[in-house]
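Q: What follows is entry-v1.csv; its format and atoms are CSV, C-alpha atoms.
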chain,number,residue,atom,x,y,z
A,1,MET,CA,67.1,45.2,333.1
A,2,ASN,CA,65.4,41.9,332.4
A,3,ALA,CA,67.2,38.6,331.7
A,4,ALA,CA,66.8,38.8,327.9
A,5,SER,CA,68.2,42.3,327.9
A,6,GLY,CA,71.1,41.2,330.0
A,7,ARG,CA,71.8,38.3,327.7
A,8,TRP,CA,71.8,40.6,324.6
A,9,ARG,CA,74.1,43.0,326.3
A,10,ARG,CA,76.5,40.2,327.2
A,11,TRP,CA,76.5,39.0,323.6
A,12,ALA,CA,77.3,42.6,322.4
A,13,VAL,CA,80.2,42.8,324.9
A,14,LYS,CA,81.5,39.5,323.8
A,15,LEU,CA,81.4,40.5,320.2
A,16,VAL,CA,83.1,43.8,320.7
A,17,GLN,CA,85.8,42.0,322.8
A,18,HIS,CA,86.3,39.7,319.9
A,19,ALA,CA,86.5,42.6,317.5
A,20,ALA,CA,89.1,44.2,319.7
A,21,GLY,CA,91.2,41.0,319.6
A,22,VAL,CA,91.0,40.8,315.8
A,23,LEU,CA,92.3,44.4,315.3
A,24,PRO,CA,96.0,44.5,314.5
A,25,ARG,CA,98.5,46.1,316.9
A,26,THR,CA,96.3,45.3,319.9
A,27,PRO,CA,95.8,46.9,322.4
A,28,SER,CA,94.7,49.5,319.9
A,29,PRO,CA,93.0,52.8,320.9
A,30,TRP,CA,90.4,52.0,318.3
A,31,ALA,CA,89.5,48.7,320.0
A,32,ASP,CA,89.0,50.6,323.3
A,33,ALA,CA,87.0,53.2,321.4
A,34,MET,CA,84.6,50.6,320.0
A,35,GLN,CA,84.3,48.8,323.3
A,36,ARG,CA,83.6,51.9,325.4
A,37,GLU,CA,81.1,53.4,322.9
A,38,LEU,CA,79.0,50.3,323.6
A,39,ALA,CA,78.4,51.6,327.1
A,40,TYR,CA,76.6,54.7,325.7
A,41,ILE,CA,74.2,52.7,323.6
A,42,GLU,CA,71.1,52.1,325.8
A,43,ASP,CA,69.0,50.1,323.3
A,44,ASP,CA,70.1,46.4,323.4
A,45,PRO,CA,69.3,45.5,319.8
A,46,ALA,CA,71.2,48.6,318.7
A,47,ALA,CA,74.1,47.6,320.9
A,48,VAL,CA,74.2,44.1,319.3
A,49,ARG,CA,74.0,45.7,315.8
A,50,TRP,CA,76.8,48.0,316.8
A,51,ALA,CA,78.9,45.2,318.1
A,52,LEU,CA,78.4,43.1,314.9
A,53,GLY,CA,79.5,46.1,312.9
A,54,CYS,CA,82.6,46.4,315.1
A,55,VAL,CA,83.4,42.8,314.3
A,56,LEU,CA,83.0,43.5,310.6
A,57,ALA,CA,85.2,46.7,311.0
A,58,SER,CA,87.9,44.8,312.7
A,59,TYR,CA,88.0,42.1,310.0
A,60,LYS,CA,88.1,44.8,307.3
A,61,VAL,CA,91.0,46.5,309.0
A,62,ARG,CA,92.7,43.2,309.7
A,63,LEU,CA,92.5,42.2,306.1
A,64,THR,CA,94.0,45.5,304.9
A,65,HIS,CA,96.9,44.8,307.2
A,66,TRP,CA,97.1,41.1,306.0
A,67,PRO,CA,100.8,41.0,305.0
A,68,ARG,CA,101.8,42.0,308.5
A,69,GLY,CA,99.9,39.3,310.3
A,70,SER,CA,100.2,35.6,310.3
A,71,SER,CA,97.5,33.8,308.3
A,72,ALA,CA,97.1,31.2,311.0
A,73,VAL,CA,96.2,34.0,313.5
A,74,VAL,CA,93.7,35.5,311.1
A,75,TRP,CA,92.0,32.2,310.4
A,76,ARG,CA,91.8,31.5,314.1
A,77,HIS,CA,90.0,34.8,314.5
A,78,VAL,CA,87.7,34.1,311.6
A,79,ALA,CA,86.8,30.7,313.1
A,80,THR,CA,86.1,32.3,316.5
A,81,GLY,CA,84.0,35.0,314.9
A,82,GLY,CA,82.0,32.5,312.8
A,83,ALA,CA,81.3,30.4,315.9
A,84,LEU,CA,80.2,33.4,317.8
A,85,MET,CA,77.8,34.5,315.1
A,86,LEU,CA,76.5,30.9,314.8
A,87,MET,CA,75.7,30.9,318.5
A,88,ILE,CA,73.9,34.2,318.2
A,89,GLY,CA,71.9,32.8,315.3
A,90,LEU,CA,70.9,29.8,317.4
A,91,ALA,CA,70.0,32.0,320.3
A,92,LEU,CA,67.8,34.1,318.1
A,93,GLN,CA,66.1,31.0,316.8
A,94,ASP,CA,65.4,29.9,320.4
A,95,HIS,CA,64.1,33.3,321.2
A,96,ALA,CA,61.6,32.9,318.3
A,97,GLY,CA,60.4,29.7,319.9
A,98,GLY,CA,61.5,27.7,316.8
A,99,GLN,CA,58.6,29.1,314.9
A,100,THR,CA,59.3,28.7,311.2
A,101,ALA,CA,55.8,28.9,309.7
A,102,PRO,CA,52.9,31.2,310.2
A,103,PRO,CA,50.2,30.0,312.6
A,104,ARG,CA,47.5,27.7,311.2
A,105,LEU,CA,43.9,28.7,311.1
A,106,ALA,CA,41.9,27.6,314.2
A,107,VAL,CA,38.9,26.5,312.1
A,108,ASP,CA,39.2,23.2,310.4
A,109,GLU,CA,38.0,24.1,306.9
A,110,ALA,CA,37.6,20.5,305.8
A,111,ALA,CA,35.2,19.5,308.6
A,112,CYS,CA,32.0,21.3,307.5
A,113,ASN,CA,31.8,22.7,304.0
A,114,SER,CA,29.0,24.9,303.1
A,115,PRO,CA,26.3,22.8,301.5
A,116,ASP,CA,26.5,22.1,297.8
A,117,VAL,CA,23.2,23.5,296.9
A,118,SER,CA,22.1,24.6,293.5
A,119,THR,CA,18.7,26.1,293.1
A,120,GLU,CA,16.4,25.1,290.4
A,121,LEU,CA,13.4,27.3,289.6
A,122,GLY,CA,10.7,24.9,288.9
A,123,SER,CA,7.3,25.1,290.3
A,124,GLY,CA,8.2,27.9,292.6
A,125,THR,CA,10.1,25.6,295.0
A,126,ALA,CA,13.8,25.6,295.6
A,127,VAL,CA,15.1,22.1,295.3
A,128,GLY,CA,18.5,21.1,296.7
A,129,VAL,CA,20.6,18.9,294.5
A,130,ARG,CA,23.8,17.4,295.7
A,131,ARG,CA,26.6,17.4,293.2
A,132,ASN,CA,29.1,14.5,292.6
A,133,ASP,CA,26.4,12.0,293.2
A,134,ASP,CA,28.4,9.2,291.5
A,135,SER,CA,30.8,8.8,294.4
A,136,PRO,CA,29.7,6.3,297.0
A,137,GLY,CA,28.2,7.9,300.1
A,138,ALA,CA,28.1,11.3,298.4
A,139,GLY,CA,24.5,11.7,299.3
A,140,ASP,CA,24.9,10.6,302.9
A,141,PRO,CA,24.6,13.5,305.3
A,142,ARG,CA,27.6,13.9,307.6
A,143,SER,CA,26.7,13.1,311.2
A,144,ASP,CA,29.0,15.9,312.6
A,145,CYS,CA,27.5,18.6,310.5
A,146,ASN,CA,24.1,20.2,310.5
A,147,ASP,CA,23.0,20.3,307.0
A,148,PRO,CA,21.2,23.6,306.5
A,149,SER,CA,20.0,22.7,303.1
A,150,PRO,CA,16.5,23.8,302.5
A,151,ALA,CA,16.0,20.6,300.4
A,152,LYS,CA,16.0,18.5,303.5
A,153,ASP,CA,12.3,19.2,304.3
A,154,ALA,CA,11.3,20.1,300.8
A,155,ASP,CA,8.8,18.2,298.9
A,156,THR,CA,10.6,16.8,296.0
A,157,PRO,CA,8.8,15.9,292.7
A,158,SER,CA,9.6,12.2,293.0
A,159,SER,CA,7.9,11.9,296.3
A,160,ARG,CA,4.7,13.2,294.9
B,1,MET,CA,91.7,57.2,285.6
B,2,PRO,CA,92.8,56.7,289.2
B,3,ARG,CA,90.1,57.0,291.8
B,4,LYS,CA,90.4,60.0,294.2
B,5,PRO,CA,91.0,59.0,297.8
B,6,ASN,CA,88.3,59.5,300.3
B,7,ASN,CA,85.8,60.1,297.6
B,8,SER,CA,83.4,57.3,298.3
B,9,ARG,CA,79.8,58.2,299.2
B,10,GLN,CA,80.4,57.0,302.8
B,11,ALA,CA,83.6,59.0,303.1
B,12,ARG,CA,82.0,62.1,301.7
B,13,ALA,CA,79.0,61.7,304.1
B,14,LEU,CA,81.4,61.4,307.1
B,15,LEU,CA,83.5,64.4,306.0
B,16,ALA,CA,80.4,66.5,305.5
B,17,ALA,CA,79.1,65.6,309.0
B,18,LEU,CA,82.4,66.4,310.6
B,19,LEU,CA,82.6,69.7,308.6
B,20,GLU,CA,79.1,70.7,309.7
B,21,ARG,CA,80.3,71.1,313.3
B,22,SER,CA,84.0,71.3,312.6
B,23,ARG,CA,85.0,72.7,316.0
B,24,THR,CA,83.0,70.1,318.0
B,25,TRP,CA,84.5,66.8,319.1
B,26,ARG,CA,82.2,64.1,317.8
B,27,HIS,CA,81.5,60.6,319.2
B,28,GLY,CA,81.4,57.4,317.0
B,29,TYR,CA,77.8,56.5,317.8
B,30,ASP,CA,76.6,60.1,317.1
B,31,LEU,CA,78.4,60.1,313.8
B,32,SER,CA,76.9,56.8,312.9
B,33,LYS,CA,73.4,58.1,313.7
B,34,GLU,CA,73.9,61.3,311.8
B,35,THR,CA,75.5,59.8,308.6
B,36,GLY,CA,73.5,56.5,308.7
B,37,LEU,CA,76.8,54.6,308.5
B,38,ARG,CA,77.0,51.4,310.4
B,39,SER,CA,79.9,50.8,312.8
B,40,GLY,CA,81.3,48.3,310.3
B,41,THR,CA,81.8,51.1,307.8
B,42,LEU,CA,82.4,54.0,310.1
B,43,TYR,CA,85.3,52.7,312.1
B,44,PRO,CA,87.5,51.6,309.1
B,45,LEU,CA,86.8,55.1,307.7
B,46,LEU,CA,87.7,56.9,310.9
B,47,MET,CA,90.9,54.8,311.2
B,48,ARG,CA,91.9,55.6,307.6
B,49,LEU,CA,91.3,59.3,307.9
B,50,SER,CA,93.3,59.3,311.2
B,51,GLU,CA,96.2,57.5,309.5
B,52,GLN,CA,96.2,60.0,306.7
B,53,GLY,CA,96.3,62.9,309.2
B,54,LEU,CA,92.9,64.2,308.3
B,55,LEU,CA,91.3,63.4,311.6
B,56,GLU,CA,92.4,63.9,315.2
B,57,SER,CA,91.1,62.0,318.2
B,58,ARG,CA,91.2,62.1,321.9
B,59,TRP,CA,89.6,60.6,325.0
B,60,GLU,CA,86.9,62.6,326.6
B,61,GLU,CA,85.9,62.2,330.2
B,62,PRO,CA,82.3,61.1,330.7
B,63,GLU,CA,79.6,63.5,331.7
B,64,ARG,CA,77.9,61.0,334.0
B,65,PRO,CA,79.8,58.9,336.6
B,66,GLY,CA,80.0,55.2,336.0
B,67,LEU,CA,80.6,55.5,332.3
B,68,PRO,CA,84.0,55.0,330.6
B,69,PRO,CA,85.9,57.8,328.8
B,70,ARG,CA,84.8,58.2,325.2
B,71,HIS,CA,86.9,58.5,322.0
B,72,VAL,CA,86.0,61.7,320.2
B,73,TYR,CA,87.0,63.0,316.7
B,74,ARG,CA,87.3,66.1,314.7
B,75,LEU,CA,88.9,67.1,311.5
B,76,THR,CA,92.5,68.5,311.4
B,77,ALA,CA,93.4,71.5,309.2
B,78,SER,CA,94.1,69.2,306.2
B,79,GLY,CA,90.9,67.3,306.9
B,80,LEU,CA,89.0,70.5,306.9
B,81,ALA,CA,90.6,71.6,303.6
B,82,LEU,CA,89.6,68.3,302.0
B,83,ALA,CA,86.1,68.4,303.4
B,84,ARG,CA,85.6,71.9,302.1
B,85,GLN,CA,87.0,71.0,298.7
B,86,GLN,CA,84.6,68.1,298.5
B,87,GLU,CA,81.7,70.3,299.5
B,88,LEU,CA,82.5,72.8,296.8
B,89,GLU,CA,82.8,70.0,294.2
B,90,ALA,CA,79.4,68.6,295.3
B,91,ILE,CA,77.8,72.0,294.9
B,92,ALA,CA,79.4,72.5,291.5
B,93,ALA,CA,78.2,69.0,290.4
B,94,GLU,CA,74.7,69.8,291.7
B,95,ARG,CA,74.6,73.1,289.7
B,96,ALA,CA,75.9,71.3,286.6
B,97,GLY,CA,73.1,68.7,287.0
B,98,ALA,CA,70.5,71.4,287.4
B,99,LEU,CA,71.6,73.2,284.3
B,100,ALA,CA,71.8,70.1,282.2
Hey, can you dump this file as structure tokens for me?

A:
Amino acid sequence: MNAASGRWRRWAVKLVQHAAGVLPRTPSPWADAMQRELAYIEDDPAAVRWALGCVLASYKVRLTHWPRGSSAVVWRHVATGGALMLMIGLALQDHAGGQTAPPRLAVDEAACNSPDVSTELGSGTAVGVRRNDDSPGAGDPRSDCNDPSPAKDADTPSSR
Amino acid sequence: MPRKPNNSRQARALLAALLERSRTWRHGYDLSKETGLRSGTLYPLLMRLSEQGLLESRWEEPERPGLPPRHVYRLTASGLALARQQELEAIAAERAGALA
């Protein structure tokens, strides 16, 4: 059993113990039944799910016996249960490494765009024409990118 | 029209599972796996059936050493009668649905 497994098992035991405390007329055979059943569930996530269900079951049963119990006692149990579930939620978040968004792409898409090249069929020569030539520096080649444009070495009509 | 007791889908699933092997003592986790009911639904149902005298329970000694005794359940005579009645009603409803 590794550390994480032991931790989940401890959480499950704590939850079922809490469920047992919530049940009316404790010690109840049902509380023992739920607690002992946990020992037969080998899968840790299943044990935690089982324990959470036991907490829910105990609150359901407690609420059906509401007139017999003091409301202060019930609310104390509700607060304890809420705190336990909050801690489990936080533990789960830690387990996920705080990851809230999918990983970003390793490639920086903005760094090197594919060249803006349009072909013009003129005298059998492909001529590269940069778009958005109005903006300043639009025609300047980027120093960090190799411009694979075929127009680089092409003989343009103006140079003739 | 008043709702019939123990006639919810979950209660019927549990009674059907208990009826299927009516002589066998069943564990809570096994019943949960067989019926698909979570412990949060299963235990309140088991407790209610027990309070109504439809279910009997006892502690069973563990098969392997080191494990605690286990609570096991089976239907009483009145529980069996209710489960059989519900089974017949389900069959009748199924036939009526097939004819319609």

Q: For chain A against chain B, which residues fall within 9 Å using all atoms listed in the file, given as a list in words?

A: Pro29, Trp30, Asp32, Ala33, Met34, Arg36, Glu37, Leu38, Ala39, Tyr40, Ile41, Arg49, Trp50, Ala51, Leu52, Gly53, Cys54, Val55, Leu56, Ala57, Ser58, Lys60 and Val61 of chain A

Q: What gap, in Å, lies between CA of His77 in chain A and CA of Ala47 in chain A?

A: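 So the answer is 21.4 Å.
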
Q: I'd like the interatomic distance between CA of Leu14 in chain B and CA of Thr35 in chain B, to a tenth of an Å.

A: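 Atom-to-atom, CA of Leu14 in chain B and CA of Thr35 in chain B are spaced 6.3 Å apart.
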
Q: Enter the distance from CA of Pro45 in chain A to CA of Arg7 in chain A, in Å, rounded to one decimal.

A: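 CA of Arg7 in chain A lies 11.0 Å from CA of Pro45 in chain A.
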
Q: Calculated over all atoms listed in the file, which of the candidates B:Ala98, B:Leu54, B:Arg12, B:Pro65 has the smallest distance to Ser78 in chain B?

A: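 Of the candidates, the smallest distance to Ser78 in chain B is held by B:Leu54.
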
Q: Calculated over only C-alpha atoms, which of the candidates A:Gly6, A:Gly81, A:Leu86, A:His65 has the smallest distance to Ala19 in chain A?

A: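 Of A:Gly6, A:Gly81, A:Leu86, A:His65, the one nearest Ala19 in chain A is A:Gly81, counting only C-alpha atoms.
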
Q: Is there a way to complete range 20-49 of chain B with N, CA and C atoms and then write that out as a PDB file, in the coordinates of the input?

A:
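Generated output (part01.pdb):
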ATOM      1  N   GLU B  20      80.316  69.973 309.242  1.00  0.00           N
ATOM      2  CA  GLU B  20      79.100  70.700 309.700  1.00  0.00           C
ATOM      3  C   GLU B  20      79.368  71.365 311.055  1.00  0.00           C
ATOM      4  N   ARG B  21      79.970  70.602 311.926  1.00  0.00           N
ATOM      5  CA  ARG B  21      80.300  71.100 313.300  1.00  0.00           C
ATOM      6  C   ARG B  21      81.802  70.874 313.475  1.00  0.00           C
ATOM      7  N   SER B  22      82.592  71.614 312.733  1.00  0.00           N
ATOM      8  CA  SER B  22      84.000  71.300 312.600  1.00  0.00           C
ATOM      9  C   SER B  22      84.785  71.523 313.942  1.00  0.00           C
ATOM     10  N   ARG B  23      84.265  72.386 314.784  1.00  0.00           N
ATOM     11  CA  ARG B  23      85.000  72.700 316.000  1.00  0.00           C
ATOM     12  C   ARG B  23      84.585  71.726 317.167  1.00  0.00           C
ATOM     13  N   THR B  24      83.529  70.997 316.942  1.00  0.00           N
ATOM     14  CA  THR B  24      83.000  70.100 318.000  1.00  0.00           C
ATOM     15  C   THR B  24      83.660  68.738 317.905  1.00  0.00           C
ATOM     16  N   TRP B  25      84.000  68.184 319.059  1.00  0.00           N
ATOM     17  CA  TRP B  25      84.500  66.800 319.100  1.00  0.00           C
ATOM     18  C   TRP B  25      83.267  65.884 318.987  1.00  0.00           C
ATOM     19  N   ARG B  26      83.342  64.909 318.105  1.00  0.00           N
ATOM     20  CA  ARG B  26      82.200  64.100 317.800  1.00  0.00           C
ATOM     21  C   ARG B  26      82.430  62.615 318.271  1.00  0.00           C
ATOM     22  N   HIS B  27      81.372  61.966 318.748  1.00  0.00           N
ATOM     23  CA  HIS B  27      81.500  60.600 319.200  1.00  0.00           C
ATOM     24  C   HIS B  27      81.137  59.641 317.979  1.00  0.00           C
ATOM     25  N   GLY B  28      81.643  58.409 318.072  1.00  0.00           N
ATOM     26  CA  GLY B  28      81.400  57.400 317.000  1.00  0.00           C
ATOM     27  C   GLY B  28      79.928  57.127 316.793  1.00  0.00           C
ATOM     28  N   TYR B  29      79.192  56.919 317.898  1.00  0.00           N
ATOM     29  CA  TYR B  29      77.800  56.500 317.800  1.00  0.00           C
ATOM     30  C   TYR B  29      76.959  57.695 317.202  1.00  0.00           C
ATOM     31  N   ASP B  30      77.278  58.917 317.628  1.00  0.00           N
ATOM     32  CA  ASP B  30      76.600  60.100 317.100  1.00  0.00           C
ATOM     33  C   ASP B  30      76.818  60.245 315.604  1.00  0.00           C
ATOM     34  N   LEU B  31      78.071  60.051 315.219  1.00  0.00           N
ATOM     35  CA  LEU B  31      78.400  60.100 313.800  1.00  0.00           C
ATOM     36  C   LEU B  31      77.667  59.054 312.998  1.00  0.00           C
ATOM     37  N   SER B  32      77.573  57.887 313.600  1.00  0.00           N
ATOM     38  CA  SER B  32      76.900  56.800 312.900  1.00  0.00           C
ATOM     39  C   SER B  32      75.407  57.131 312.734  1.00  0.00           C
ATOM     40  N   LYS B  33      74.790  57.712 313.765  1.00  0.00           N
ATOM     41  CA  LYS B  33      73.400  58.100 313.700  1.00  0.00           C
ATOM     42  C   LYS B  33      73.160  59.192 312.639  1.00  0.00           C
ATOM     43  N   GLU B  34      74.085  60.150 312.643  1.00  0.00           N
ATOM     44  CA  GLU B  34      73.900  61.300 311.800  1.00  0.00           C
ATOM     45  C   GLU B  34      74.123  60.938 310.284  1.00  0.00           C
ATOM     46  N   THR B  35      75.137  60.114 310.031  1.00  0.00           N
ATOM     47  CA  THR B  35      75.500  59.800 308.600  1.00  0.00           C
ATOM     48  C   THR B  35      74.721  58.546 308.137  1.00  0.00           C
ATOM     49  N   GLY B  36      74.181  57.767 309.061  1.00  0.00           N
ATOM     50  CA  GLY B  36      73.500  56.500 308.700  1.00  0.00           C
ATOM     51  C   GLY B  36      74.543  55.411 308.385  1.00  0.00           C
ATOM     52  N   LEU B  37      75.805  55.655 308.709  1.00  0.00           N
ATOM     53  CA  LEU B  37      76.800  54.600 308.500  1.00  0.00           C
ATOM     54  C   LEU B  37      76.840  53.667 309.665  1.00  0.00           C
ATOM     55  N   ARG B  38      76.908  52.376 309.372  1.00  0.00           N
ATOM     56  CA  ARG B  38      77.000  51.400 310.400  1.00  0.00           C
ATOM     57  C   ARG B  38      78.429  51.377 310.973  1.00  0.00           C
ATOM     58  N   SER B  39      78.575  50.823 312.167  1.00  0.00           N
ATOM     59  CA  SER B  39      79.900  50.800 312.800  1.00  0.00           C
ATOM     60  C   SER B  39      80.920  50.065 311.922  1.00  0.00           C
ATOM     61  N   GLY B  40      80.445  49.066 311.181  1.00  0.00           N
ATOM     62  CA  GLY B  40      81.300  48.300 310.300  1.00  0.00           C
ATOM     63  C   GLY B  40      81.933  49.111 309.190  1.00  0.00           C
ATOM     64  N   THR B  41      81.267  50.185 308.822  1.00  0.00           N
ATOM     65  CA  THR B  41      81.800  51.100 307.800  1.00  0.00           C
ATOM     66  C   THR B  41      82.468  52.288 308.411  1.00  0.00           C
ATOM     67  N   LEU B  42      81.874  52.760 309.493  1.00  0.00           N
ATOM     68  CA  LEU B  42      82.400  54.000 310.100  1.00  0.00           C
ATOM     69  C   LEU B  42      83.778  53.866 310.669  1.00  0.00           C
ATOM     70  N   TYR B  43      84.040  52.815 311.438  1.00  0.00           N
ATOM     71  CA  TYR B  43      85.300  52.700 312.100  1.00  0.00           C
ATOM     72  C   TYR B  43      86.510  52.552 311.126  1.00  0.00           C
ATOM     73  N   PRO B  44      86.395  51.687 310.104  1.00  0.00           N
ATOM     74  CA  PRO B  44      87.500  51.600 309.100  1.00  0.00           C
ATOM     75  C   PRO B  44      87.750  53.010 308.483  1.00  0.00           C
ATOM     76  N   LEU B  45      86.662  53.767 308.240  1.00  0.00           N
ATOM     77  CA  LEU B  45      86.800  55.100 307.700  1.00  0.00           C
ATOM     78  C   LEU B  45      87.540  56.048 308.625  1.00  0.00           C
ATOM     79  N   LEU B  46      87.095  56.018 309.874  1.00  0.00           N
ATOM     80  CA  LEU B  46      87.700  56.900 310.900  1.00  0.00           C
ATOM     81  C   LEU B  46      89.210  56.540 311.030  1.00  0.00           C
ATOM     82  N   MET B  47      89.510  55.252 311.035  1.00  0.00           N
ATOM     83  CA  MET B  47      90.900  54.800 311.200  1.00  0.00           C
ATOM     84  C   MET B  47      91.733  55.284 309.978  1.00  0.00           C
ATOM     85  N   ARG B  48      91.154  55.169 308.796  1.00  0.00           N
ATOM     86  CA  ARG B  48      91.900  55.600 307.600  1.00  0.00           C
ATOM     87  C   ARG B  48      92.140  57.073 307.589  1.00  0.00           C
ATOM     88  N   LEU B  49      91.102  57.844 307.901  1.00  0.00           N
ATOM     89  CA  LEU B  49      91.300  59.300 307.900  1.00  0.00           C
ATOM     90  C   LEU B  49      92.288  59.708 308.985  1.00  0.00           C
TER      91      LEU B  49
END
